[in-house]
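Beneath this line is the structure, given in structure tokens, with notes to follow.
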Amino acid sequence: MSSSSRRLPPLNGLRVFEVVSRHLNFRLAAEEIGVTQGAVAQLIRGLEAELGLKLFLRRPQGLEPTEAGQQYAAKIRRAFDLIAEATRDLRAEPQRLTISVTPSLASRWLIPRLPDFTAAHPTIDLRIVATDRLSNFETDDVDLAVRLGHPPFGPGLTAELLHEQTIIAIGSPLLVEKLGDPGDPRNFARYPLLHDAHDFWPAFLGKAFPGGAPASAQNVRFNQTSLAVEAAIAGQGLALASLFLVADDIASGRLARVLPAELPVEAGFHIVTPRKPRHPGPVEEVCRWLAEAAAGHRSSSRSDASPA
């Protein structure tokens, strides 16, 4: 292509022409661009002189595009759209990933750590789906999941242990101060027990009171561990939860570990991903961050969670 055939009119004039062709009004075009009305009129006159033809007819009722101006405006608008699209493609767009986690893990562990993740990985946008339902990586648009259980979780999936489960008894320090040490069977009988869907209390009490557990004052049942934990924080009774999920609350003083007994559970928290993820690089980064966050959590949770 010769240099003469590629000679373009001034881009400022083309930009103003595109805006004027939409508004058919110099004043409105000037307001959109942020220049004076006189500058808009001057640029249009300059473009018409450059092209050697009229783009608009000046009528008493306003501007009217000529046939040439109408055709030129459509093509110039497409050209600017192409420039905008090319610019968007050039800039790094955040990679969007969807992670499926249980509601309790989301509220008690993952969400408090998200600011650390976004600071370390600004180009990855995480979408959090909190559900107990098993995710279908193909139909649910999920890139990775954290699930409680035993691998394998399904064909074509990989599983990495994020954290083991150790169940402990927790309660509000203020409630313990009011009702006394729950390790004393006479005091324990005064505490309401907060249950969740896992129903670990019978097995846990067998460990905590080998000679026979005292009957509790009341039983309250929730379908989510996170709800039982919130009720315990509010001083409504004693709950059972994985140390992994409540270590932050214990460290902050919102909860206390009220009995020395522990109930190890074989089912652990696992990071589950397809063997062939759609976005392998970002998925690997998220998995690595989850593993590092859990490792740091393990190193501090034991020292912070000694029984009250």
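Residues in the structure tokens are named by chain (A, B, ... in the order shown) and by number from 1 within that chain; ligands are numbered from 1 in the order shown.
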*Might you pull out every residue within 9 Å of A:Ala261, with only C-alpha atoms counted and same-chain residues fewer than 3 positions away left off, and present them as a list in words?*
Ile167, Ile168, Ala169, Phe204, Leu205, Lys207, Ala208, Phe209 and Pro307 of chain A
*Pull the helix (DSSP H, G or I) assignments for stretch 20-228 of chain A out of DSSP run on the backbone, and list those residues as a PyMOL selection string.*
chain A and resi 20-23+26-33+37-51+67-90+103-120+173-179+185-188+201-208+225-228
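Take the candidates A:Ala267, A:Leu28, A:Leu51, A:Val286 and check each one against A:Gly13 using only C-alpha atoms; the shortest distance goes to A:Leu51.
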Where does stretch 133-227 of chain A meet stretch 250-259 of chain A within 6 Å, residue by residue, with the nearest atom pair and distance in Å to one decimal for each, counting only C-alpha atoms, listed by chain and rising number, as a tab-separated table?
```
residue	atom	partner	partner_atom	distance
A:Ala169	CA	A:Val258	CA	5.8
A:Ile170	CA	A:Arg257	CA	4.6
A:Gly171	CA	A:Leu255	CA	5.5
A:Ser172	CA	A:Leu255	CA	4.9
A:Pro173	CA	A:Ala256	CA	5.6
```
Emit the selected residues as a CSV table (one decimal), in the first residue's frame, including N, CA, C and O atoms.
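Dumped to part.csv:
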```csv
chain,number,residue,atom,x,y,z
A,169,ALA,N,-14.3,-28.9,71.4
A,169,ALA,CA,-15.4,-28.3,72.0
A,169,ALA,C,-15.1,-26.8,72.3
A,169,ALA,O,-14.0,-26.5,72.8
A,170,ILE,N,-16.0,-26.0,71.9
A,170,ILE,CA,-15.8,-24.5,72.0
A,170,ILE,C,-17.0,-23.9,72.7
A,170,ILE,O,-18.1,-24.4,72.7
A,171,GLY,N,-16.8,-22.7,73.3
A,171,GLY,CA,-17.8,-21.9,73.9
A,171,GLY,C,-17.3,-20.5,74.1
A,171,GLY,O,-16.1,-20.2,74.0
A,172,SER,N,-18.3,-19.7,74.5
A,172,SER,CA,-17.9,-18.3,74.8
A,172,SER,C,-17.2,-18.2,76.1
A,172,SER,O,-17.6,-18.8,77.1
A,173,PRO,N,-16.1,-17.5,76.2
A,173,PRO,CA,-15.4,-17.3,77.5
A,173,PRO,C,-16.3,-16.7,78.6
A,173,PRO,O,-16.2,-17.1,79.8
```
With a distance cut-off of 12 Å and only C-alpha atoms, select the neighbouring residues of A:Leu8, excluding the residue or stretch itself and same-chain residues fewer than 5 positions from it, and output the selection as a tab-separated table (two decimals) with N, CA, C and O atoms, in the first residue's frame.
```tsv
chain	number	residue	atom	x	y	z
A	3	SER	N	2.19	5.20	0.41
A	3	SER	CA	2.03	6.12	1.52
A	3	SER	C	0.89	7.09	1.29
A	3	SER	O	0.21	7.51	2.23
A	13	GLY	N	-9.93	15.44	14.27
A	13	GLY	CA	-11.09	15.78	13.47
A	13	GLY	C	-12.02	14.60	13.28
A	13	GLY	O	-13.25	14.75	13.33
A	14	LEU	N	-11.46	13.41	13.09
A	14	LEU	CA	-12.29	12.21	12.94
A	14	LEU	C	-13.06	11.90	14.22
A	14	LEU	O	-14.24	11.51	14.17
A	47	LEU	N	-11.92	19.26	8.73
A	47	LEU	CA	-12.05	17.92	8.17
A	47	LEU	C	-12.71	17.98	6.79
A	47	LEU	O	-12.30	17.28	5.86
A	50	GLU	N	-10.21	19.14	4.36
A	50	GLU	CA	-9.25	18.07	4.08
A	50	GLU	C	-9.82	17.06	3.10
A	50	GLU	O	-9.13	16.59	2.19
A	51	LEU	N	-11.10	16.72	3.27
A	51	LEU	CA	-11.74	15.71	2.42
A	51	LEU	C	-12.25	16.30	1.11
A	51	LEU	O	-12.51	15.57	0.15
A	76	ILE	N	-16.36	5.24	10.10
A	76	ILE	CA	-15.46	5.79	11.12
A	76	ILE	C	-15.82	5.23	12.49
A	76	ILE	O	-14.95	4.90	13.31
```
*For stretch 160-163 of chain A, list every protein, DNA or RNA residue within 8 Å, evaluated using only C-alpha atoms, and leave out those in the same chain fewer than 4 positions away; present the list as an MDAnalysis selection string.*
chainID A and resid 244 268:272 290:291 294
Could you save the residues just selected, with all heavy atoms, as an mmCIF file, in the first residue's frame?
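File part_16.cif, as written:
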```
data_model
loop_
_atom_site.group_PDB
_atom_site.id
_atom_site.type_symbol
_atom_site.label_atom_id
_atom_site.label_comp_id
_atom_site.auth_asym_id
_atom_site.auth_seq_id
_atom_site.Cartn_x
_atom_site.Cartn_y
_atom_site.Cartn_z
ATOM 1 N N PHE A 244 -9.492 -26.341 62.669
ATOM 2 C CA PHE A 244 -9.120 -25.590 61.475
ATOM 3 C C PHE A 244 -10.049 -24.397 61.256
ATOM 4 O O PHE A 244 -9.612 -23.322 60.824
ATOM 5 C CB PHE A 244 -9.173 -26.547 60.274
ATOM 6 C CG PHE A 244 -8.866 -25.910 58.945
ATOM 7 C CD1 PHE A 244 -7.696 -25.207 58.743
ATOM 8 C CD2 PHE A 244 -9.757 -26.051 57.892
ATOM 9 C CE1 PHE A 244 -7.417 -24.637 57.503
ATOM 10 C CE2 PHE A 244 -9.473 -25.494 56.656
ATOM 11 C CZ PHE A 244 -8.306 -24.788 56.465
ATOM 12 N N GLY A 268 -11.011 -35.289 55.682
ATOM 13 C CA GLY A 268 -10.331 -34.009 55.768
ATOM 14 C C GLY A 268 -10.785 -33.064 54.669
ATOM 15 O O GLY A 268 -11.562 -33.416 53.781
ATOM 16 N N PHE A 269 -10.299 -31.827 54.737
ATOM 17 C CA PHE A 269 -10.585 -30.832 53.713
ATOM 18 C C PHE A 269 -9.591 -31.028 52.564
ATOM 19 O O PHE A 269 -8.380 -31.017 52.773
ATOM 20 C CB PHE A 269 -10.448 -29.418 54.281
ATOM 21 C CG PHE A 269 -11.469 -29.089 55.331
ATOM 22 C CD1 PHE A 269 -11.171 -29.232 56.681
ATOM 23 C CD2 PHE A 269 -12.735 -28.633 54.977
ATOM 24 C CE1 PHE A 269 -12.101 -28.921 57.658
ATOM 25 C CE2 PHE A 269 -13.673 -28.328 55.945
ATOM 26 C CZ PHE A 269 -13.354 -28.475 57.291
ATOM 27 N N HIS A 270 -10.104 -31.184 51.360
ATOM 28 C CA HIS A 270 -9.263 -31.421 50.188
ATOM 29 C C HIS A 270 -9.528 -30.369 49.110
ATOM 30 O O HIS A 270 -10.681 -29.943 48.915
ATOM 31 C CB HIS A 270 -9.529 -32.810 49.591
ATOM 32 C CG HIS A 270 -9.046 -33.940 50.442
ATOM 33 N ND1 HIS A 270 -9.734 -34.384 51.548
ATOM 34 C CD2 HIS A 270 -7.923 -34.713 50.356
ATOM 35 C CE1 HIS A 270 -9.075 -35.390 52.100
ATOM 36 N NE2 HIS A 270 -7.976 -35.609 51.396
ATOM 37 N N ILE A 271 -8.453 -29.974 48.425
ATOM 38 C CA ILE A 271 -8.586 -29.135 47.229
ATOM 39 C C ILE A 271 -8.819 -30.075 46.051
ATOM 40 O O ILE A 271 -7.995 -30.947 45.775
ATOM 41 C CB ILE A 271 -7.321 -28.296 46.988
ATOM 42 C CG1 ILE A 271 -6.961 -27.471 48.224
ATOM 43 C CG2 ILE A 271 -7.505 -27.395 45.777
ATOM 44 C CD1 ILE A 271 -5.608 -26.789 48.113
ATOM 45 N N VAL A 272 -9.930 -29.904 45.366
ATOM 46 C CA VAL A 272 -10.303 -30.792 44.266
ATOM 47 C C VAL A 272 -10.309 -29.994 42.966
ATOM 48 O O VAL A 272 -10.931 -28.919 42.889
ATOM 49 C CB VAL A 272 -11.688 -31.418 44.509
ATOM 50 C CG1 VAL A 272 -12.037 -32.399 43.399
ATOM 51 C CG2 VAL A 272 -11.727 -32.114 45.874
ATOM 52 N N LEU A 290 -3.876 -21.523 48.590
ATOM 53 C CA LEU A 290 -4.672 -22.215 49.600
ATOM 54 C C LEU A 290 -3.790 -23.108 50.471
ATOM 55 O O LEU A 290 -3.919 -23.120 51.709
ATOM 56 C CB LEU A 290 -5.750 -23.060 48.927
ATOM 57 C CG LEU A 290 -6.932 -22.324 48.297
ATOM 58 C CD1 LEU A 290 -7.762 -23.282 47.455
ATOM 59 C CD2 LEU A 290 -7.794 -21.667 49.367
ATOM 60 N N ALA A 291 -2.877 -23.849 49.832
ATOM 61 C CA ALA A 291 -1.994 -24.748 50.585
ATOM 62 C C ALA A 291 -1.080 -23.963 51.508
ATOM 63 O O ALA A 291 -0.853 -24.357 52.670
ATOM 64 C CB ALA A 291 -1.179 -25.600 49.616
ATOM 65 N N ALA A 294 -3.102 -22.596 54.471
ATOM 66 C CA ALA A 294 -3.415 -23.664 55.423
ATOM 67 C C ALA A 294 -2.181 -24.069 56.210
ATOM 68 O O ALA A 294 -2.265 -24.351 57.419
ATOM 69 C CB ALA A 294 -3.994 -24.866 54.690
#
```
_I need the residue nearest A:Pro192 from this list: A:Thr87, A:Gln236, A:Thr166, A:Thr139. Use only C-alpha atoms for the distance._
A:Gln236
*From a DSSP pass on the backbone, collect the residues of stretch 38-151 of chain A flagged as strand (DSSP E) and hand them back as a ChimeraX atom specification.*
/A:56-59,62-65,95-101,124-130,144-149
